[in-house]
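Novice: Structure supplied as work_38.cif; contents: mmCIF, C-alpha atoms and all ligand atoms.
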```
data_model
#
loop_
_atom_site.group_PDB
_atom_site.id
_atom_site.type_symbol
_atom_site.label_atom_id
_atom_site.label_comp_id
_atom_site.auth_asym_id
_atom_site.auth_seq_id
_atom_site.Cartn_x
_atom_site.Cartn_y
_atom_site.Cartn_z
ATOM 1 C CA MET A 1 11.246 27.497 -68.314
ATOM 2 C CA LEU A 2 12.324 31.107 -68.621
ATOM 3 C CA ALA A 3 12.791 31.285 -64.848
ATOM 4 C CA GLU A 4 14.929 28.146 -64.921
ATOM 5 C CA ASN A 5 17.094 29.506 -67.700
ATOM 6 C CA ILE A 6 17.622 32.809 -65.943
ATOM 7 C CA ASN A 7 18.468 31.004 -62.734
ATOM 8 C CA ARG A 8 21.019 28.926 -64.577
ATOM 9 C CA LEU A 9 22.547 32.150 -65.893
ATOM 10 C CA ARG A 10 22.619 33.579 -62.355
ATOM 11 C CA GLN A 11 24.450 30.492 -61.133
ATOM 12 C CA GLU A 12 26.970 30.886 -63.896
ATOM 13 C CA LEU A 13 27.578 34.470 -62.749
ATOM 14 C CA GLY A 14 28.535 33.433 -59.210
ATOM 15 C CA HIS A 15 28.791 36.577 -57.094
ATOM 16 C CA ALA A 16 28.334 38.982 -59.980
ATOM 17 C CA GLN A 17 24.974 40.758 -60.029
ATOM 18 C CA LEU A 18 22.703 40.388 -63.065
ATOM 19 C CA VAL A 19 21.326 43.626 -64.488
ATOM 20 C CA VAL A 20 18.989 42.904 -67.402
ATOM 21 C CA VAL A 21 19.317 45.350 -70.289
ATOM 22 C CA SER A 22 15.788 45.852 -71.600
ATOM 23 C CA LYS A 23 16.529 48.304 -74.427
ATOM 24 C CA ASN A 24 14.596 47.633 -77.640
ATOM 25 C CA ARG A 25 12.364 45.033 -75.950
ATOM 26 C CA SER A 26 8.602 45.199 -75.649
ATOM 27 C CA ILE A 27 6.846 45.816 -72.346
ATOM 28 C CA ARG A 28 5.426 42.299 -72.600
ATOM 29 C CA GLU A 29 8.906 40.775 -72.898
ATOM 30 C CA ILE A 30 10.259 42.820 -70.018
ATOM 31 C CA LYS A 31 7.279 41.844 -67.887
ATOM 32 C CA ALA A 32 7.973 38.173 -68.620
ATOM 33 C CA VAL A 33 11.479 38.577 -67.237
ATOM 34 C CA TYR A 34 10.160 40.587 -64.287
ATOM 35 C CA ASP A 35 7.768 37.744 -63.497
ATOM 36 C CA THR A 36 10.703 35.396 -62.963
ATOM 37 C CA GLY A 37 11.783 37.590 -60.049
ATOM 38 C CA GLN A 38 14.278 39.888 -61.781
ATOM 39 C CA ARG A 39 14.014 43.408 -60.339
ATOM 40 C CA VAL A 40 16.997 45.308 -61.771
ATOM 41 C CA PHE A 41 16.790 46.517 -65.355
ATOM 42 C CA ALA A 42 18.810 48.958 -67.456
ATOM 43 C CA GLU A 43 18.107 51.230 -70.382
ATOM 44 C CA ASN A 44 20.544 53.252 -72.464
ATOM 45 C CA ARG A 45 18.217 56.129 -73.424
ATOM 46 C CA VAL A 46 16.344 58.573 -71.207
ATOM 47 C CA GLN A 47 13.124 58.559 -73.238
ATOM 48 C CA ALA A 48 12.886 54.761 -73.226
ATOM 49 C CA LEU A 49 13.669 54.681 -69.520
ATOM 50 C CA LEU A 50 10.794 57.076 -68.794
ATOM 51 C CA GLU A 51 8.323 55.099 -70.920
ATOM 52 C CA ARG A 52 9.234 51.740 -69.428
ATOM 53 C CA ARG A 53 9.197 53.008 -65.907
ATOM 54 C CA GLU A 54 5.682 54.308 -66.483
ATOM 55 C CA ALA A 55 4.441 51.037 -67.968
ATOM 56 C CA LEU A 56 6.044 48.557 -65.564
ATOM 57 C CA PRO A 57 5.786 47.761 -61.833
ATOM 58 C CA GLU A 58 7.131 50.293 -59.362
ATOM 59 C CA ASP A 59 9.465 47.957 -57.518
ATOM 60 C CA ILE A 60 11.925 47.787 -60.424
ATOM 61 C CA SER A 61 15.327 49.355 -59.825
ATOM 62 C CA TRP A 62 16.299 51.199 -62.981
ATOM 63 C CA HIS A 63 19.871 51.770 -64.120
ATOM 64 C CA LEU A 64 20.951 54.071 -66.912
ATOM 65 C CA ILE A 65 23.837 52.666 -68.972
ATOM 66 C CA GLY A 66 24.013 55.030 -71.952
ATOM 67 C CA HIS A 67 25.497 58.457 -72.512
ATOM 68 C CA LEU A 68 23.493 61.032 -70.578
ATOM 69 C CA GLN A 69 23.230 64.674 -71.625
ATOM 70 C CA THR A 70 23.270 67.101 -68.715
ATOM 71 C CA ASN A 71 20.013 68.729 -69.850
ATOM 72 C CA LYS A 72 18.178 65.393 -69.471
ATOM 73 C CA VAL A 73 19.425 64.492 -66.012
ATOM 74 C CA ARG A 74 16.449 66.083 -64.269
ATOM 75 C CA TYR A 75 13.939 63.757 -65.951
ATOM 76 C CA ILE A 76 15.373 60.645 -64.336
ATOM 77 C CA THR A 77 16.709 61.855 -60.971
ATOM 78 C CA PRO A 78 13.324 61.460 -59.197
ATOM 79 C CA PHE A 79 13.506 57.666 -59.540
ATOM 80 C CA VAL A 80 16.664 56.262 -61.154
ATOM 81 C CA SER A 81 18.613 53.997 -58.818
ATOM 82 C CA CYS A 82 22.013 53.957 -60.529
ATOM 83 C CA ILE A 83 23.626 55.963 -63.317
ATOM 84 C CA GLN A 84 26.388 53.732 -64.646
ATOM 85 C CA SER A 85 27.513 56.073 -67.383
ATOM 86 C CA ILE A 86 29.029 59.071 -65.601
ATOM 87 C CA ASP A 87 31.565 60.257 -68.144
ATOM 88 C CA SER A 88 32.317 63.877 -67.216
ATOM 89 C CA GLU A 89 32.670 66.199 -64.260
ATOM 90 C CA ARG A 90 29.848 68.366 -65.623
ATOM 91 C CA LEU A 91 27.566 65.344 -65.558
ATOM 92 C CA ILE A 92 28.289 64.277 -61.974
ATOM 93 C CA GLU A 93 27.870 67.915 -60.970
ATOM 94 C CA GLU A 94 24.407 68.034 -62.534
ATOM 95 C CA ILE A 95 23.358 64.634 -61.141
ATOM 96 C CA ASP A 96 24.344 65.849 -57.681
ATOM 97 C CA ARG A 97 22.408 69.091 -58.114
ATOM 98 C CA GLN A 98 19.242 67.357 -59.288
ATOM 99 C CA ALA A 99 19.518 64.584 -56.685
ATOM 100 C CA GLN A 100 19.740 67.245 -53.995
ATOM 101 C CA LYS A 101 16.597 68.921 -55.326
ATOM 102 C CA ASN A 102 14.804 65.595 -55.096
ATOM 103 C CA ASP A 103 16.275 64.891 -51.681
ATOM 104 C CA ARG A 104 17.833 61.676 -52.989
ATOM 105 C CA LEU A 105 21.121 59.832 -52.896
ATOM 106 C CA ILE A 106 21.764 58.334 -56.328
ATOM 107 C CA ASP A 107 24.255 55.553 -56.987
ATOM 108 C CA GLY A 108 26.756 56.216 -59.725
ATOM 109 C CA LEU A 109 29.541 54.482 -61.587
ATOM 110 C CA LEU A 110 32.300 56.218 -63.484
ATOM 111 C CA GLN A 111 32.406 54.993 -67.061
ATOM 112 C CA ILE A 112 35.991 54.335 -68.064
ATOM 113 C CA TYR A 113 37.164 54.251 -71.639
ATOM 114 C CA ILE A 114 38.861 50.875 -72.025
ATOM 115 C CA ALA A 115 38.089 49.993 -75.643
ATOM 116 C CA ASP A 116 39.928 50.639 -78.819
ATOM 117 C CA GLU A 117 37.024 52.328 -80.590
ATOM 118 C CA ASP A 118 36.435 56.005 -81.293
ATOM 119 C CA THR A 119 32.716 55.767 -80.739
ATOM 120 C CA LYS A 120 32.704 54.851 -77.074
ATOM 121 C CA PHE A 121 32.219 57.386 -74.314
ATOM 122 C CA GLY A 122 34.175 57.305 -71.096
ATOM 123 C CA LEU A 123 36.812 58.856 -68.873
ATOM 124 C CA ASP A 124 40.521 58.187 -69.092
ATOM 125 C CA GLU A 125 42.388 57.331 -65.898
ATOM 126 C CA ALA A 126 43.502 60.893 -65.183
ATOM 127 C CA GLU A 127 39.963 62.258 -65.587
ATOM 128 C CA CYS A 128 38.660 59.458 -63.385
ATOM 129 C CA MET A 129 41.176 60.219 -60.632
ATOM 130 C CA ALA A 130 40.374 63.941 -60.803
ATOM 131 C CA ILE A 131 36.701 63.189 -60.156
ATOM 132 C CA ILE A 132 37.495 60.690 -57.401
ATOM 133 C CA SER A 133 39.690 63.102 -55.488
ATOM 134 C CA GLN A 134 37.014 65.802 -55.527
ATOM 135 C CA TYR A 135 34.372 63.254 -54.568
ATOM 136 C CA VAL A 136 36.471 62.058 -51.638
ATOM 137 C CA GLY A 137 36.828 65.696 -50.642
ATOM 138 C CA GLY A 138 33.044 65.812 -50.221
ATOM 139 C CA LYS A 139 32.115 67.796 -53.309
ATOM 140 C CA TRP A 140 29.082 65.767 -54.398
ATOM 141 C CA SER A 141 27.137 64.533 -51.389
ATOM 142 C CA HIS A 142 23.996 63.390 -53.223
ATOM 143 C CA VAL A 143 25.805 60.943 -55.470
ATOM 144 C CA ARG A 144 27.142 57.721 -54.016
ATOM 145 C CA LEU A 145 29.959 56.540 -56.226
ATOM 146 C CA ARG A 146 30.041 52.750 -56.107
ATOM 147 C CA GLY A 147 32.707 51.934 -58.686
ATOM 148 C CA LEU A 148 33.503 51.747 -62.375
ATOM 149 C CA MET A 149 31.843 50.674 -65.607
ATOM 150 C CA GLY A 150 33.457 49.782 -68.904
ATOM 151 C CA MET A 151 32.766 48.284 -72.305
ATOM 152 C CA ALA A 152 35.362 46.190 -74.073
ATOM 153 C CA THR A 153 36.117 46.490 -77.768
ATOM 154 C CA ASN A 154 33.604 44.715 -79.983
ATOM 155 C CA THR A 155 35.934 42.014 -81.319
ATOM 156 C CA ASP A 156 36.385 38.231 -81.439
ATOM 157 C CA ASP A 157 39.869 38.622 -79.999
ATOM 158 C CA ALA A 158 39.407 37.191 -76.493
ATOM 159 C CA GLU A 159 42.915 38.181 -75.412
ATOM 160 C CA LYS A 160 42.221 41.781 -76.271
ATOM 161 C CA ILE A 161 38.899 41.815 -74.423
ATOM 162 C CA LYS A 162 40.560 40.135 -71.457
ATOM 163 C CA SER A 163 43.317 42.739 -71.265
ATOM 164 C CA GLU A 164 40.727 45.538 -71.315
ATOM 165 C CA PHE A 165 38.686 43.933 -68.531
ATOM 166 C CA LEU A 166 41.814 43.346 -66.445
ATOM 167 C CA LYS A 167 42.817 46.973 -66.941
ATOM 168 C CA LEU A 168 39.447 48.107 -65.581
ATOM 169 C CA ARG A 169 39.601 45.722 -62.634
ATOM 170 C CA LYS A 170 43.131 46.908 -61.826
ATOM 171 C CA LEU A 171 42.084 50.554 -61.851
ATOM 172 C CA PHE A 172 39.236 49.632 -59.490
ATOM 173 C CA ASP A 173 41.641 47.804 -57.141
ATOM 174 C CA ASP A 174 44.132 50.694 -57.242
ATOM 175 C CA ILE A 175 41.400 53.199 -56.369
ATOM 176 C CA ARG A 176 40.162 51.032 -53.520
ATOM 177 C CA GLN A 177 43.664 50.784 -52.141
ATOM 178 C CA ALA A 178 44.309 54.522 -52.442
ATOM 179 C CA TYR A 179 40.923 55.497 -50.977
ATOM 180 C CA PRO A 180 39.747 52.794 -48.566
ATOM 181 C CA GLN A 181 37.127 55.208 -47.180
ATOM 182 C CA LEU A 182 35.324 55.168 -50.552
ATOM 183 C CA ASN A 183 33.336 51.937 -50.184
ATOM 184 C CA PHE A 184 33.824 51.087 -53.834
ATOM 185 C CA ASP A 185 32.165 47.722 -54.454
ATOM 186 C CA THR A 186 31.148 47.594 -58.127
ATOM 187 C CA VAL A 187 32.947 46.816 -61.377
ATOM 188 C CA SER A 188 30.330 46.758 -64.118
ATOM 189 C CA MET A 189 31.672 44.830 -67.094
ATOM 190 C CA GLY A 190 30.394 42.057 -69.324
ATOM 191 C CA MET A 191 27.494 41.789 -71.801
ATOM 192 C CA SER A 192 25.922 38.825 -73.637
ATOM 193 C CA SER A 193 28.963 38.236 -75.826
ATOM 194 C CA ASP A 194 31.694 38.541 -73.221
ATOM 195 C CA TYR A 195 30.263 38.049 -69.728
ATOM 196 C CA PRO A 196 32.064 34.741 -68.913
ATOM 197 C CA LEU A 197 35.367 36.466 -69.574
ATOM 198 C CA ALA A 198 34.287 39.534 -67.595
ATOM 199 C CA VAL A 199 33.333 37.419 -64.588
ATOM 200 C CA ALA A 200 36.661 35.590 -64.782
ATOM 201 C CA CYS A 201 38.391 38.992 -64.790
ATOM 202 C CA GLY A 202 36.631 40.151 -61.629
ATOM 203 C CA SER A 203 33.363 41.721 -62.742
ATOM 204 C CA THR A 204 30.836 42.258 -59.931
ATOM 205 C CA LEU A 205 27.938 43.310 -62.183
ATOM 206 C CA VAL A 206 27.074 42.214 -65.704
ATOM 207 C CA ARG A 207 24.730 44.027 -68.097
ATOM 208 C CA ILE A 208 22.993 41.372 -70.179
ATOM 209 C CA GLY A 209 20.298 41.957 -72.773
ATOM 210 C CA SER A 210 20.116 39.670 -75.835
ATOM 211 C CA LYS A 211 21.049 36.473 -74.030
ATOM 212 C CA VAL A 212 18.211 36.880 -71.535
ATOM 213 C CA PHE A 213 15.546 37.865 -74.071
ATOM 214 C CA GLU A 214 16.510 35.068 -76.461
ATOM 215 C CA MET A 215 15.493 32.693 -73.683
ATOM 216 C CA ILE A 216 11.894 33.873 -74.079
ATOM 217 C CA GLU A 217 11.707 32.545 -77.636
ATOM 218 C CA GLU A 218 13.167 29.171 -76.659
HETATM 219 C C1 LIG B 301 23.057 47.072 -75.054
HETATM 220 C C2 LIG B 301 24.048 47.185 -73.950
HETATM 221 C C3 LIG B 301 24.394 46.066 -73.161
HETATM 222 C C4 LIG B 301 23.802 44.684 -73.384
HETATM 223 O O1 LIG B 301 24.151 44.151 -74.602
HETATM 224 P P1 LIG B 301 23.702 42.656 -74.999
HETATM 225 O O2 LIG B 301 24.642 42.283 -76.069
HETATM 226 O O3 LIG B 301 22.290 42.768 -75.473
HETATM 227 O O4 LIG B 301 23.838 41.806 -73.782
HETATM 228 C C5 LIG B 301 25.296 46.255 -72.133
HETATM 229 N N1 LIG B 301 25.849 47.449 -71.877
HETATM 230 C C6 LIG B 301 25.547 48.537 -72.596
HETATM 231 C C7 LIG B 301 26.197 49.823 -72.257
HETATM 232 C C8 LIG B 301 24.641 48.443 -73.656
HETATM 233 O O5 LIG B 301 24.344 49.550 -74.375
#
```
Using structure tokens, write down the structure from this file.
Specialist:
Amino acid sequence: MLAENINRLRQELGHAQLVVVSKNRSIREIKAVYDTGQRVFAENRVQALLERREALPEDISWHLIGHLQTNKVRYITPFVSCIQSIDSERLIEEIDRQAQKNDRLIDGLLQIYIADEDTKFGLDEAECMAIISQYVGGKWSHVRLRGLMGMATNTDDAEKIKSEFLKLRKLFDDIRQAYPQLNFDTVSMGMSSDYPLAVACGSTLVRIGSKVFEMIEE
């Protein structure tokens, strides 16, 4: 039943990848989703990521989607597969340094500020381009930048959300055009409340929590 529901969700997503956000869920609930075949999960806090990783099967790919302090980077670099929330040059610098120590290549996304809310982290376009040009110049060889991540404003105004998603997708397309050598392939946008809109606006990866875990209760 759960497997069927998740498969239906996957079909709805088309080519966009499903990353299940497991924050605030019990190990038992996460394991139930794992048992349907899902292997990519995301947490927004380092401590929770470490605990879950310890308690769950080793073949899970873990993403970090929340603000990451530079002094905590070293705890997750031995295993994390993608850090979606790179929001400063200092942070990518530290991820690169720690990844090198661990002899790893870690996927990363640049988190772009697209919402209309003070509380959200993220880079503006100029900061994003400054990081990209240094990255293209070969500055951080143990991070593999795959694209961009963004969170729309928390609002019922679909037009507003749509314009924010389209802005992120356009920045992604502009970067790809300017730097074809980059191999950018990921636009991470869309959560439980807005993923259909995100997919329609060109998302390639959605981060869904509540909608998936509500299926367990059904
Ligand atoms: C919690 C969270 C999500 C998932 O939210 P849901 O509404 O549970 O789908 C996605 N992205 C980020 C950055 C989050 O913190």
Novice: Go through A:Ile27, A:Val80, A:Ile161, A:Leu110 and flag the residue nearest Ala55 of chain A, using only C-alpha atoms for the distances.
Specialist: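 Smallest distance to Ala55 of chain A is found for A:Ile27.
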Novice: Just checking: using only C-alpha atoms, which residue out of A:Ile30, A:Leu171, A:Ala115, A:Met129 ends up closest to Thr186 of chain A?
Specialist: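 Comparing A:Ile30, A:Leu171, A:Ala115, A:Met129 against Thr186 of chain A, the winner is A:Leu171.
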Novice: Hey, what's within 7 Å of Gly108 of chain A if we count all atoms listed in the file and toss same-chain stuff fewer than 3 positions away? As a ChimeraX atom specification, please?
Specialist: /A:82-84,86,143-146
Novice: Check which residues satisfy the PyMOL selection byres (((not hetatm)) within 12 of (chain B and resi 301)) in the file shown, then give them as a PyMOL selection string.
Specialist: chain A and resi 18-25+41-45+63-68+83-86+111-113+120-122+149-154+188-196+205-214
Novice: Using only C-alpha atoms, can you tell me which of A:Ile76, A:Leu166, A:Leu91, A:Ile131 comes closest to Glu54 of chain A?
Specialist: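 Comparing A:Ile76, A:Leu166, A:Leu91, A:Ile131 against Glu54 of chain A, the winner is A:Ile76.
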Novice: Pick from A:Ile106, A:Gln69, A:Glu94, A:Gly14: nearest to Ser81 of chain A, with only C-alpha atoms counted?
Specialist: A:Ile106
Novice: Figure out the distance between atom CA of Met1 of chain A and atom CA of Lys31 of chain A, please, to one decimal in Å.
Specialist: 14.9 Å
Novice: Take atom CA of Ala99 of chain A and atom CA of Ser141 of chain A and report the distance between them in Å, one decimal.
Specialist: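 A separation of 9.3 Å between them.
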Novice: Using only C-alpha atoms, which of the listed residues (A:Ile92, A:Leu13, A:Leu2, A:Val136) sits closest to Ala198 of chain A?
Specialist: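 Nearest to Ala198 of chain A: A:Leu13.
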Novice: Determine, counting only C-alpha atoms, which protein, DNA and RNA residues have an atom within 12 Å of an atom of Lys101 of chain A; residues of the same chain fewer than 6 positions away are not included. Present the result as a list in words.
Specialist: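 My reading of the contact set: Val73, Arg74, Thr77, Pro78, Glu94, Ile95 and His142 of chain A.
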Novice: Could the residues in this selection be saved with C-alpha atoms as a PDB file, keeping the file's coordinate frame?
Specialist:
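See part.pdb below for the written result:
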```pdb
ATOM      1  CA  VAL A  73      19.425  64.492 -66.012  1.00  0.00           C
ATOM      2  CA  ARG A  74      16.449  66.083 -64.269  1.00  0.00           C
ATOM      3  CA  THR A  77      16.709  61.855 -60.971  1.00  0.00           C
ATOM      4  CA  PRO A  78      13.324  61.460 -59.197  1.00  0.00           C
ATOM      5  CA  GLU A  94      24.407  68.034 -62.534  1.00  0.00           C
ATOM      6  CA  ILE A  95      23.358  64.634 -61.141  1.00  0.00           C
ATOM      7  CA  HIS A 142      23.996  63.390 -53.223  1.00  0.00           C
TER       8      HIS A 142
END
```
Novice: Measuring atom to atom with only C-alpha atoms, identify which of A:Lys72, A:Arg28, A:Lys160, A:Arg10 is nearest to Leu49 of chain A.
Specialist: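 The closest residue to Leu49 of chain A is A:Lys72.
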Novice: Atom CA of Asp116 of chain A to atom CA of Asp157 of chain A: how many Å, to one decimal?
Specialist: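 Atom CA of Asp116 of chain A sits 12.1 Å away from atom CA of Asp157 of chain A.
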Novice: Spell out the residues picked by the PyMOL selection byres (((chain A and resi 61) around 6) and not hetatm) here, as a list of chain:residue names.
Specialist: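 This file gives the following for the PyMOL selection byres (((chain A and resi 61) around 6) and not hetatm): A:Val40, A:Ile60, A:Trp62, A:Ser81.
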Novice: Translate the PyMOL selection byres (((chain A and resi 169) around 8) and not hetatm), as applied to the file shown, into an explicit residue set as number ranges by chain.
Specialist: A: 165-168, 170-173, 187, 201-203
Novice: Calculate, to one decimal in Å, the centre and edge lengths of the box along x, y and z of the file that holds all listed atoms of segment 13-23 of chain A with 8 Å of margin on each side, and present them as lines of an AutoDock Vina configuration file.
Specialist:
```
center_x = 22.3
center_y = 40.9
center_z = -65.8
size_x = 29.0
size_y = 30.9
size_z = 33.3
```
Novice: Leaving out Ala130 of chain A and any residue of its chain fewer than 5 positions from it, which residues lie within 10 Å of it when counting all atoms listed in the file, given as a PyMOL selection string?
Specialist: chain A and resi 89+125+135
Novice: Produce a file of the selected residues containing C-alpha atoms, as a PDB file, in the coordinates of the input.
Specialist:
```pdb
ATOM      1  CA  GLU A  89      32.670  66.199 -64.260  1.00  0.00           C
ATOM      2  CA  GLU A 125      42.388  57.331 -65.898  1.00  0.00           C
ATOM      3  CA  TYR A 135      34.372  63.254 -54.568  1.00  0.00           C
TER       4      TYR A 135
END
```
Novice: Can you pull out the residues contacting Asn183 of chain A? Cut-off 9 Å, using all atoms listed in the file, and skip same-chain residues under 2 positions away; I want them as a list in words.
Specialist: Leu145, Arg146, Gly147, Arg176, Tyr179, Pro180, Gln181 and Asp185 of chain A
